[in-house]
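Okay, entry21.txt is below, compact mmCIF, C-alpha atoms:
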# COMPACT_ATOMS: atom_id res chain seq x y z
CA MET A 764 39.54 -106.26 -182.39
CA THR A 765 38.14 -105.84 -178.89
CA PRO A 766 36.06 -102.66 -178.67
CA GLN A 767 36.99 -100.15 -176.01
CA TYR A 768 33.70 -99.28 -174.33
CA GLY A 769 35.51 -97.09 -171.82
CA ARG A 770 37.13 -94.91 -174.47
CA GLY A 771 36.18 -91.28 -173.94
CA LEU A 772 34.47 -92.01 -170.63
CA ARG A 773 36.77 -89.71 -168.70
CA THR A 774 36.21 -86.77 -171.05
CA LEU A 775 32.47 -87.39 -171.06
CA SER A 776 32.39 -87.54 -167.25
CA ILE A 777 34.29 -84.26 -166.89
CA LEU A 778 32.01 -82.60 -169.45
CA THR A 779 28.94 -83.91 -167.63
CA VAL A 780 30.08 -82.59 -164.24
CA ALA A 781 30.93 -79.20 -165.78
CA MET A 782 27.55 -78.94 -167.53
CA LEU A 783 25.65 -80.02 -164.40
CA ALA A 784 27.49 -77.36 -162.38
CA LEU A 785 26.75 -74.74 -165.03
CA ALA A 786 23.08 -75.77 -165.12
CA LEU A 787 22.78 -75.45 -161.33
CA VAL A 788 24.41 -72.02 -161.39
CA LEU A 789 22.05 -70.86 -164.15
CA VAL A 790 18.96 -72.30 -162.40
CA PHE A 791 19.64 -70.65 -159.04
CA PHE A 792 21.61 -67.51 -159.93
CA TYR A 793 20.62 -66.54 -163.47
CA ALA A 794 17.09 -67.61 -164.37
CA PRO A 795 14.48 -65.19 -163.04
CA LEU A 796 11.58 -66.26 -160.84
CA GLU A 797 8.48 -67.19 -162.79
CA ALA A 798 5.58 -64.81 -162.24
CA GLU A 799 2.87 -67.35 -161.37
CA GLN A 800 4.71 -70.20 -159.66
CA GLY A 801 7.64 -68.29 -158.27
CA PHE A 802 10.50 -70.33 -156.83
CA LEU A 803 8.61 -73.63 -157.25
CA GLN A 804 9.01 -73.38 -161.04
CA LYS A 805 12.72 -74.17 -160.65
CA ILE A 806 11.73 -77.83 -160.28
CA PHE A 807 10.93 -77.78 -163.98
CA TYR A 808 14.59 -77.36 -164.90
CA VAL A 809 15.17 -80.88 -163.59
CA HIS A 810 11.73 -82.50 -163.97
CA VAL A 811 11.07 -81.73 -167.64
CA PRO A 812 14.56 -82.67 -168.94
CA LEU A 813 14.34 -85.93 -166.96
CA ALA A 814 11.00 -86.71 -168.62
CA ILE A 815 12.23 -85.80 -172.12
CA ILE A 816 15.39 -87.90 -171.75
CA ALA A 817 13.52 -90.87 -170.25
CA LEU A 818 10.98 -90.91 -173.10
CA SER A 819 13.69 -90.38 -175.73
CA GLY A 820 15.68 -93.20 -174.14
CA PHE A 821 12.73 -95.58 -174.48
CA VAL A 822 12.46 -94.72 -178.19
CA ILE A 823 16.23 -95.06 -178.69
CA GLY A 824 16.05 -98.45 -176.93
CA GLY A 825 13.51 -99.51 -179.56
CA LEU A 826 15.73 -98.30 -182.42
CA LEU A 827 18.70 -100.21 -181.00
CA ALA A 828 16.48 -103.29 -180.73
CA ILE A 829 15.61 -102.96 -184.44
CA GLN A 830 19.35 -102.96 -185.16
CA HIS A 831 19.70 -106.07 -182.99
CA LEU A 832 17.02 -107.95 -184.89
CA ARG A 833 18.53 -106.87 -188.22
CA THR A 834 22.11 -107.86 -187.43
CA ARG A 835 21.62 -110.51 -184.70
CA ASP A 836 24.60 -108.89 -183.02
CA SER A 837 24.26 -109.17 -179.24
CA ARG A 838 26.03 -105.83 -178.73
CA TRP A 839 22.91 -104.03 -179.97
CA ASP A 840 20.79 -105.98 -177.51
CA MET A 841 23.14 -104.96 -174.71
CA ARG A 842 22.95 -101.30 -175.78
CA SER A 843 19.16 -101.47 -175.97
CA TYR A 844 19.02 -103.11 -172.53
CA VAL A 845 21.30 -100.50 -170.93
CA VAL A 846 19.47 -97.54 -172.51
CA ILE A 847 16.05 -98.85 -171.41
CA HIS A 848 17.41 -99.63 -167.95
CA MET A 849 18.77 -96.10 -167.60
CA SER A 850 15.57 -94.56 -169.00
CA LEU A 851 13.62 -96.43 -166.34
CA ILE A 852 15.83 -94.87 -163.64
CA PHE A 853 15.30 -91.42 -165.18
CA ALA A 854 11.55 -92.14 -165.31
CA VAL A 855 11.58 -92.84 -161.57
CA GLY A 856 13.26 -89.46 -161.11
CA THR A 857 10.61 -87.83 -163.32
CA LEU A 858 7.76 -89.34 -161.32
CA ILE A 859 9.25 -88.35 -157.96
CA THR A 860 10.16 -84.78 -158.97
CA GLY A 861 6.76 -84.41 -160.66
CA SER A 862 5.00 -85.54 -157.52
CA ILE A 863 7.01 -83.09 -155.44
CA TRP A 864 6.03 -80.27 -157.80
CA ALA A 865 2.37 -81.36 -157.75
CA LYS A 866 2.35 -81.33 -153.96
CA GLY A 867 3.85 -77.83 -153.89
CA SER A 868 1.62 -76.46 -156.64
CA TRP A 869 -1.66 -78.37 -156.44
CA GLY A 870 -1.48 -79.59 -152.86
CA HIS A 871 -1.64 -83.26 -153.95
CA TRP A 872 1.14 -85.76 -154.55
CA TRP A 873 -0.75 -87.32 -157.45
CA VAL A 874 -3.77 -86.31 -159.56
CA TRP A 875 -5.43 -89.22 -161.33
CA ASN A 876 -7.49 -87.15 -163.79
CA GLU A 877 -4.43 -85.45 -165.26
CA PRO A 878 -3.64 -87.15 -168.60
CA THR A 879 0.09 -86.33 -168.74
CA LEU A 880 0.78 -87.80 -165.33
CA VAL A 881 -1.25 -90.94 -165.87
CA SER A 882 0.09 -91.55 -169.39
CA PHE A 883 3.66 -91.25 -168.12
CA LEU A 884 2.85 -93.69 -165.33
CA ILE A 885 1.44 -96.13 -167.91
CA ILE A 886 4.65 -95.91 -169.95
CA PHE A 887 6.69 -96.39 -166.79
CA LEU A 888 4.69 -99.46 -165.76
CA LEU A 889 4.95 -100.84 -169.30
CA TYR A 890 8.73 -100.62 -169.20
CA ALA A 891 8.82 -101.91 -165.64
CA THR A 892 7.84 -105.27 -167.15
CA TYR A 893 10.92 -105.31 -169.43
CA GLN A 894 13.31 -106.72 -166.83
CA PRO A 895 10.90 -109.41 -165.54
CA LEU A 896 10.21 -110.40 -169.16
CA ARG A 897 13.91 -110.92 -169.80
CA PHE A 898 14.36 -112.73 -166.51
CA ALA A 899 11.48 -115.09 -167.30
CA ILE A 900 13.24 -116.43 -170.42
CA GLU A 901 16.25 -118.58 -169.67
CA ASP A 902 17.54 -119.21 -173.18
CA PRO A 903 19.76 -116.17 -174.02
CA GLU A 904 18.94 -116.27 -177.74
CA ARG A 905 15.18 -116.27 -177.22
CA GLN A 906 15.49 -113.77 -174.40
CA SER A 907 17.27 -111.22 -176.58
CA ARG A 908 14.84 -111.71 -179.48
CA TYR A 909 11.70 -111.38 -177.35
CA ALA A 910 13.15 -108.41 -175.48
CA SER A 911 13.93 -106.67 -178.77
CA VAL A 912 10.40 -107.21 -180.03
CA PHE A 913 9.07 -105.79 -176.76
CA ALA A 914 11.44 -102.79 -176.96
CA ILE A 915 10.34 -102.01 -180.53
CA THR A 916 6.62 -102.29 -179.78
CA ALA A 917 6.83 -100.30 -176.55
CA GLY A 918 9.16 -97.77 -178.20
CA ALA A 919 6.56 -97.13 -180.90
CA PHE A 920 3.91 -96.71 -178.21
CA VAL A 921 5.82 -93.84 -176.52
CA PRO A 922 5.47 -91.16 -179.27
CA MET A 923 1.90 -92.26 -180.02
CA ASN A 924 1.03 -91.86 -176.36
CA PHE A 925 2.76 -88.46 -176.26
CA ILE A 926 0.83 -87.21 -179.30
CA ALA A 927 -2.47 -88.55 -177.98
CA VAL A 928 -2.04 -86.66 -174.72
CA ARG A 929 -1.10 -83.49 -176.60
CA LEU A 930 -4.23 -83.77 -178.73
CA SER A 931 -6.46 -84.20 -175.71
CA SER A 932 -8.38 -81.12 -174.70
CA ALA A 933 -7.57 -81.08 -170.98
CA TYR A 934 -4.51 -78.89 -170.79
CA LEU A 935 -4.15 -78.79 -167.05
CA HIS A 936 -0.51 -79.83 -167.00
CA PRO A 937 1.93 -76.98 -167.68
CA ARG A 938 3.32 -77.17 -171.25
CA VAL A 939 6.94 -76.29 -170.87
CA LEU A 940 8.20 -77.81 -174.11
CA GLY A 941 5.39 -76.44 -176.26
CA SER A 942 5.84 -72.93 -174.94
CA THR A 943 9.63 -72.69 -174.94
CA SER A 944 9.42 -70.00 -177.61
CA ASN A 945 7.37 -67.91 -175.18
CA LEU A 946 9.92 -68.25 -172.40
CA PRO A 947 12.20 -65.30 -171.68
CA GLY A 948 15.67 -65.81 -173.14
CA SER A 949 17.29 -66.42 -169.75
CA MET A 950 14.76 -69.13 -168.85
CA ALA A 951 15.02 -70.81 -172.27
CA LEU A 952 18.82 -70.83 -172.03
CA THR A 953 18.70 -72.30 -168.52
CA PHE A 954 16.25 -74.96 -169.65
CA LEU A 955 18.42 -75.84 -172.65
CA VAL A 956 21.60 -76.10 -170.55
CA SER A 957 19.76 -78.29 -168.00
CA LEU A 958 18.52 -80.52 -170.81
CA ILE A 959 22.03 -80.89 -172.27
CA ALA A 960 23.52 -81.51 -168.81
CA LEU A 961 21.05 -84.28 -167.99
CA ALA A 962 21.41 -85.78 -171.47
CA LEU A 963 25.17 -85.92 -170.88
CA LEU A 964 24.54 -87.53 -167.48
CA PHE A 965 22.37 -90.14 -169.21
CA ALA A 966 25.05 -90.82 -171.84
CA THR A 967 27.80 -91.04 -169.21
CA LEU A 968 25.88 -93.48 -167.03
CA CYS A 969 24.99 -95.62 -170.07
CA LYS A 970 28.64 -95.71 -171.14
CA LEU A 971 29.71 -96.54 -167.61
CA GLU A 972 27.21 -99.39 -167.46
CA LEU A 973 28.28 -100.76 -170.85
CA THR A 974 31.94 -100.58 -169.86
CA ALA A 975 31.25 -102.35 -166.56
CA LYS A 976 29.29 -105.14 -168.25
CA HIS A 977 31.87 -105.63 -170.96
CA THR A 978 34.70 -105.70 -168.41
CA ARG A 979 32.81 -108.31 -166.41
CA ALA A 980 32.38 -110.43 -169.54
CA GLN A 981 36.11 -110.15 -170.21
CA VAL A 982 37.00 -111.14 -166.63
CA ARG A 983 34.74 -114.20 -166.86
CA ALA A 984 36.26 -115.21 -170.18
CA LEU A 985 39.70 -114.85 -168.66
CA ARG A 986 38.68 -116.96 -165.67
CA ARG A 987 37.42 -119.72 -167.99
CA ARG A 988 40.60 -119.55 -170.02
CA LEU A 989 42.71 -119.84 -166.89
CA ALA A 990 40.60 -122.76 -165.75
CA GLY A 991 41.18 -124.43 -169.13
CA ASP A 992 37.61 -124.58 -170.44
CA ASP A 993 37.71 -121.61 -172.83
CA GLU A 994 36.32 -123.76 -175.62
CA LEU A 995 33.06 -124.13 -173.80
CA PRO A 996 30.36 -121.46 -173.81
CA ALA A 997 29.85 -119.65 -170.53
CA ARG A 998 27.44 -121.38 -168.25
CA ARG A 999 25.10 -118.90 -166.70
CA GLY A 1000 22.19 -119.02 -164.35
CA ARG A 1001 18.94 -117.26 -165.04
CA SER A 1002 19.60 -113.58 -165.64
CA ALA A 1003 17.94 -110.56 -167.22
CA VAL A 1004 21.28 -109.25 -168.44
CA PRO A 1005 22.05 -109.86 -172.14
CA VAL A 1006 24.90 -112.16 -173.09
CA ILE A 1007 27.86 -110.59 -174.86
CA SER A 1008 31.14 -112.13 -175.85
CA ALA A 1009 34.35 -110.94 -174.23
CA THR A 1010 35.66 -109.77 -177.59
CA GLY A 1011 32.54 -107.70 -178.10
CA GLY A 1012 31.46 -109.58 -181.20
CA PRO A 1013 28.24 -111.50 -181.82
CA ALA A 1014 27.64 -114.07 -179.11
CA ALA A 1015 25.41 -117.07 -178.78
CA GLY A 1016 25.59 -118.27 -175.23
CA GLY A 1017 28.97 -116.65 -174.66
CA ALA A 1018 30.12 -114.85 -171.58
CA GLY A 1019 27.32 -113.13 -169.78
CA MET B 1030 35.10 -68.18 -152.79
CA ALA B 1031 32.25 -69.68 -150.77
CA ALA B 1032 31.62 -66.30 -149.16
CA LEU B 1033 31.34 -64.69 -152.59
CA ILE B 1034 28.85 -67.31 -153.73
CA LEU B 1035 26.82 -66.98 -150.53
CA ALA B 1036 26.77 -63.21 -150.96
CA GLU B 1037 25.24 -63.68 -154.40
CA VAL B 1038 22.61 -66.16 -153.26
CA PRO B 1039 19.18 -64.59 -153.50
CA ALA B 1040 16.82 -64.76 -150.57
CA LEU B 1041 15.54 -68.29 -151.08
CA PRO B 1042 12.02 -68.94 -149.81
CA LEU B 1043 13.13 -72.03 -147.91
CA ASN B 1044 10.08 -72.02 -145.67
CA THR B 1045 7.61 -72.54 -148.55
CA ALA B 1046 8.43 -73.57 -152.12
CA GLY B 1047 12.12 -73.89 -151.33
CA ARG B 1048 11.53 -77.13 -149.45
CA TYR B 1049 9.96 -78.73 -152.52
CA VAL B 1050 12.65 -77.42 -154.87
CA ALA B 1051 15.38 -78.67 -152.53
CA ALA B 1052 13.64 -82.07 -152.29
CA ALA B 1053 13.45 -82.39 -156.11
CA TYR B 1054 17.14 -81.64 -156.60
CA ILE B 1055 18.12 -83.89 -153.68
CA VAL B 1056 16.16 -86.74 -155.31
CA LEU B 1057 18.24 -86.40 -158.49
CA PHE B 1058 21.44 -86.25 -156.45
CA VAL B 1059 20.46 -89.34 -154.42
CA ILE B 1060 19.62 -91.31 -157.59
CA VAL B 1061 23.05 -90.54 -159.04
CA VAL B 1062 24.79 -91.37 -155.74
CA ILE B 1063 22.95 -94.71 -155.46
CA TYR B 1064 23.86 -95.55 -159.04
CA VAL B 1065 27.53 -94.69 -158.51
CA ALA B 1066 27.51 -96.78 -155.30
CA ILE B 1067 26.12 -99.78 -157.23
CA ILE B 1068 28.83 -99.36 -159.87
CA GLY B 1069 31.37 -99.16 -157.03
CA LEU B 1070 30.10 -102.46 -155.59
CA ARG B 1071 30.39 -104.11 -159.01
CA LEU B 1072 33.90 -102.75 -159.35
CA SER B 1073 34.91 -104.25 -156.02
CA ARG B 1074 33.46 -107.60 -157.16
CA LEU B 1075 35.53 -107.40 -160.33
CA GLU B 1076 38.60 -106.58 -158.26
CA ARG B 1077 37.92 -109.64 -156.09
CA ASP B 1078 37.51 -111.84 -159.17
CA LEU B 1079 40.78 -110.58 -160.62
CA GLY B 1080 42.47 -111.19 -157.26
CA GLU B 1081 41.20 -114.80 -157.27
CA MET B 1082 42.50 -115.29 -160.80
CA LEU B 1083 45.90 -113.99 -159.83
CA GLU B 1084 46.01 -116.68 -157.16
CA LEU B 1085 45.20 -119.46 -159.66
CA PRO B 1086 48.13 -121.70 -160.63
CA GLU B 1087 49.61 -121.22 -164.08
CA ARG B 1088 47.81 -123.00 -166.90
CA PRO B 1089 49.20 -126.49 -167.50
CA PRO B 1090 50.57 -127.55 -170.91
CA GLN B 1091 48.09 -128.24 -173.76
CA HIS B 1092 48.10 -132.07 -173.42
CA ALA B 1093 47.07 -131.85 -169.76
CA GLU B 1094 44.05 -129.65 -170.48
CA THR B 1095 41.57 -132.50 -170.63
CA GLU B 1096 42.37 -133.44 -167.07
CA GLN B 1097 41.28 -130.06 -165.79
CA PRO B 1098 37.94 -130.05 -163.95
CA ALA B 1099 35.14 -128.19 -165.73
CA HIS B 1100 34.47 -124.81 -164.21
CA THR B 1101 30.86 -123.87 -163.56
CA GLU B 1102 29.49 -120.54 -162.54
CA SER B 1103 26.11 -118.91 -162.20
CA THR B 1104 25.38 -115.34 -163.17
CA PRO B 1105 23.51 -113.14 -160.75
CA ALA B 1106 20.81 -110.92 -162.22
Same coordinates, now as structure tokens:
Amino acid sequence: MTPQYGRGLRTLSILTVAMLALALVLVFFYAPLEAEQGFLQKIFYVHVPLAIIALSGFVIGGLLAIQHLRTRDSRWDMRSYVVIHMSLIFAVGTLITGSIWAKGSWGHWWVWNEPTLVSFLIIFLLYATYQPLRFAIEDPERQSRYASVFAITAGAFVPMNFIAVRLSSAYLHPRVLGSTSNLPGSMALTFLVSLIALALLFATLCKLELTAKHTRAQVRALRRRLAGDDELPARRGRSAVPVISATGGPAAGGAG
Amino acid sequence: MAALILAEVPALPLNTAGRYVAAAYIVLFVIVVIYVAIIGLRLSRLERDLGEMLELPERPPQHAETEQPAHTESTPA
């Protein structure tokens, strides 16, 4: 049976918009001003959740890649690809919002001797090679296998890197996650709602991307069928996008 | 409604930190807008493809299939 990737997308989208609206209301009308940083601290309600979701997404991408290597089902490769792709976009948001905060707080857009910043940049640059790696391999089967191995290795690197930075002695970067218990209740609630809202945004965009890719695969399969060559595998040019079959099942050189 | 909200808005320090806070939230908004625009472009491409398929002639009977020209396509990244 053909899976319905778009099932529940509408509900998820409405929930995401509602949670984002609630988060914005809480950030600007409910959460009190922080004593040291004042109004500038409100950046953290978007910057920190973006960072947490981006890093979690990289790890989830690795877990999905493990599932792909175990089952050889191209759907897991597609999920891993979409999650990593979305995490990369969230990582860009993290870097930009972090730089804006640094400029407002420290007077510099970037500080090279700050371990958290630099380690996040390293992770970002590592994952920035994921797409070129996929694009460099033309054979879809090899591409998906190599990409999964990369996703697993890099995904394991993310928590190790996080722990290493935490264990380092230079605690210059504000520790929002580690000190949530010390936050006043209103701030902790606002932070939690922002985190949930951005996690929902991440899930919605991933689902949207998966639905779009699956629909495209179905349209291509339909085009081939109409043209009378549905027995042949889809011919595709070089692409970083994984190959999935129109029926959603395991594919080897199917519709891309 | 808008007047009520505006009445509740605290005095935002828009001349100092407010600029940075506004910039950070605008960045997130712009990222989402760009993403939705890209999805919109893909959707219009799908619509075009479906439109082309609707214009294709009906599939010939089974025995005539071999005479059909092979269809090739390349996938953009």
At a cut-off of 8 Å, list the chain A residues touching chain B, using only C-alpha atoms, as a PyMOL selection string.
chain A and resi 791-792+802-803+805-806+809+852+856+859-860+863-864+867+898+972+975+979+982+986-987+989-992+998-1004+1019
Atom CA of Ser819 of chain A to atom CA of Asn924 of chain A measures 12.8 Å
Neighbour list for Ile885 of chain A as a PyMOL selection string, cut-off 12 Å, all atoms listed in the file, skip fewer than 4 positions in-chain:
chain A and resi 854+858+875+878-881+889-892+917+920-921+924-925
Atom CA of Arg773 of chain A and atom CA of Ser843 of chain A are how many Å apart?
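It comes out at 22.4 Å.
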Please indicate the distance in Å from atom CA of Glu1084 of chain B to atom CA of Lys976 of chain A, rounded to one decimal place.
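Taking atom CA of Glu1084 of chain B and atom CA of Lys976 of chain A, their separation equals 23.1 Å.
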Pick the closest to Met849 of chain A from A:Gly861, A:Gly771, A:Pro812, A:Gly824: which is it, counting all atoms listed in the file?
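When distances to Met849 of chain A are compared using all atoms listed in the file, the smallest one comes from A:Gly824.
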Write out as a PDB file with C-alpha atoms, keeping the file's coordinate frame the residues lying within 9 Å of Leu818 of chain A, counting all atoms listed in the file and excluding same-chain residues fewer than 5 positions away.
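To be explicit, this is the file written out as around-v4.pdb:
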ATOM      1  CA  LEU A 813      14.340 -85.930-166.960  1.00  0.00           C
ATOM      2  CA  ILE A 823      16.230 -95.060-178.690  1.00  0.00           C
ATOM      3  CA  SER A 850      15.570 -94.560-169.000  1.00  0.00           C
ATOM      4  CA  ALA A 854      11.550 -92.140-165.310  1.00  0.00           C
ATOM      5  CA  PHE A 883       3.660 -91.250-168.120  1.00  0.00           C
ATOM      6  CA  ILE A 886       4.650 -95.910-169.950  1.00  0.00           C
ATOM      7  CA  GLY A 918       9.160 -97.770-178.200  1.00  0.00           C
ATOM      8  CA  VAL A 921       5.820 -93.840-176.520  1.00  0.00           C
ATOM      9  CA  PRO A 922       5.470 -91.160-179.270  1.00  0.00           C
TER      10      PRO A 922
END
Please fill the gaps in segment 815-843 of chain A so it has N, CA and C atoms, and write that as a compact mmCIF listing (two decimals), keeping the file's coordinate frame.
# COMPACT_ATOMS: atom_id res chain seq x y z
N ILE A 815 11.88 -85.78 -170.68
CA ILE A 815 12.23 -85.80 -172.12
C ILE A 815 13.29 -86.88 -172.38
N ILE A 816 14.30 -86.93 -171.53
CA ILE A 816 15.39 -87.90 -171.75
C ILE A 816 14.89 -89.33 -171.53
N ALA A 817 14.05 -89.52 -170.51
CA ALA A 817 13.52 -90.87 -170.25
C ALA A 817 12.71 -91.37 -171.45
N LEU A 818 11.81 -90.51 -171.96
CA LEU A 818 10.98 -90.91 -173.10
C LEU A 818 11.83 -91.12 -174.36
N SER A 819 12.79 -90.22 -174.57
CA SER A 819 13.69 -90.38 -175.73
C SER A 819 14.48 -91.68 -175.60
N GLY A 820 14.92 -91.98 -174.38
CA GLY A 820 15.68 -93.20 -174.14
C GLY A 820 14.87 -94.45 -174.48
N PHE A 821 13.59 -94.43 -174.15
CA PHE A 821 12.73 -95.58 -174.48
C PHE A 821 12.66 -95.76 -176.01
N VAL A 822 12.53 -94.64 -176.73
CA VAL A 822 12.46 -94.72 -178.19
C VAL A 822 13.80 -95.19 -178.76
N ILE A 823 14.89 -94.64 -178.22
CA ILE A 823 16.23 -95.06 -178.69
C ILE A 823 16.45 -96.56 -178.42
N GLY A 824 15.97 -97.02 -177.26
CA GLY A 824 16.05 -98.45 -176.93
C GLY A 824 15.36 -99.30 -177.99
N GLY A 825 14.23 -98.81 -178.50
CA GLY A 825 13.51 -99.51 -179.56
C GLY A 825 14.30 -99.52 -180.86
N LEU A 826 14.93 -98.39 -181.18
CA LEU A 826 15.73 -98.30 -182.42
C LEU A 826 16.93 -99.24 -182.35
N LEU A 827 17.55 -99.30 -181.18
CA LEU A 827 18.70 -100.21 -181.00
C LEU A 827 18.25 -101.67 -181.11
N ALA A 828 17.03 -101.92 -180.64
CA ALA A 828 16.48 -103.29 -180.73
C ALA A 828 16.22 -103.67 -182.19
N ILE A 829 15.79 -102.70 -183.00
CA ILE A 829 15.61 -102.96 -184.44
C ILE A 829 16.96 -103.39 -185.04
N GLN A 830 18.00 -102.65 -184.66
CA GLN A 830 19.35 -102.96 -185.16
C GLN A 830 19.76 -104.37 -184.71
N HIS A 831 19.37 -104.73 -183.49
CA HIS A 831 19.70 -106.07 -182.99
C HIS A 831 19.02 -107.15 -183.82
N LEU A 832 17.73 -106.94 -184.11
CA LEU A 832 17.02 -107.95 -184.89
C LEU A 832 17.54 -108.02 -186.32
N ARG A 833 18.00 -106.89 -186.85
CA ARG A 833 18.53 -106.87 -188.22
C ARG A 833 19.86 -107.61 -188.31
N THR A 834 20.74 -107.34 -187.34
CA THR A 834 22.11 -107.86 -187.43
C THR A 834 22.34 -109.14 -186.61
N ARG A 835 21.44 -109.38 -185.64
CA ARG A 835 21.62 -110.51 -184.70
C ARG A 835 22.90 -110.37 -183.87
N ASP A 836 23.39 -109.17 -183.79
CA ASP A 836 24.60 -108.89 -183.02
C ASP A 836 24.18 -108.55 -181.58
N SER A 837 24.69 -109.33 -180.63
CA SER A 837 24.26 -109.17 -179.24
C SER A 837 24.65 -107.83 -178.63
N ARG A 838 25.63 -107.15 -179.26
CA ARG A 838 26.03 -105.83 -178.73
C ARG A 838 24.88 -104.84 -178.79
N TRP A 839 24.06 -104.94 -179.85
CA TRP A 839 22.91 -104.03 -179.97
C TRP A 839 21.87 -104.33 -178.90
N ASP A 840 21.73 -105.60 -178.58
CA ASP A 840 20.79 -105.98 -177.51
C ASP A 840 21.27 -105.42 -176.18
N MET A 841 22.58 -105.51 -175.95
CA MET A 841 23.14 -104.96 -174.71
C MET A 841 22.92 -103.45 -174.62
N ARG A 842 23.15 -102.76 -175.76
CA ARG A 842 22.95 -101.30 -175.78
C ARG A 842 21.49 -100.96 -175.52
N SER A 843 20.60 -101.70 -176.16
CA SER A 843 19.16 -101.47 -175.97
C SER A 843 18.78 -101.69 -174.51
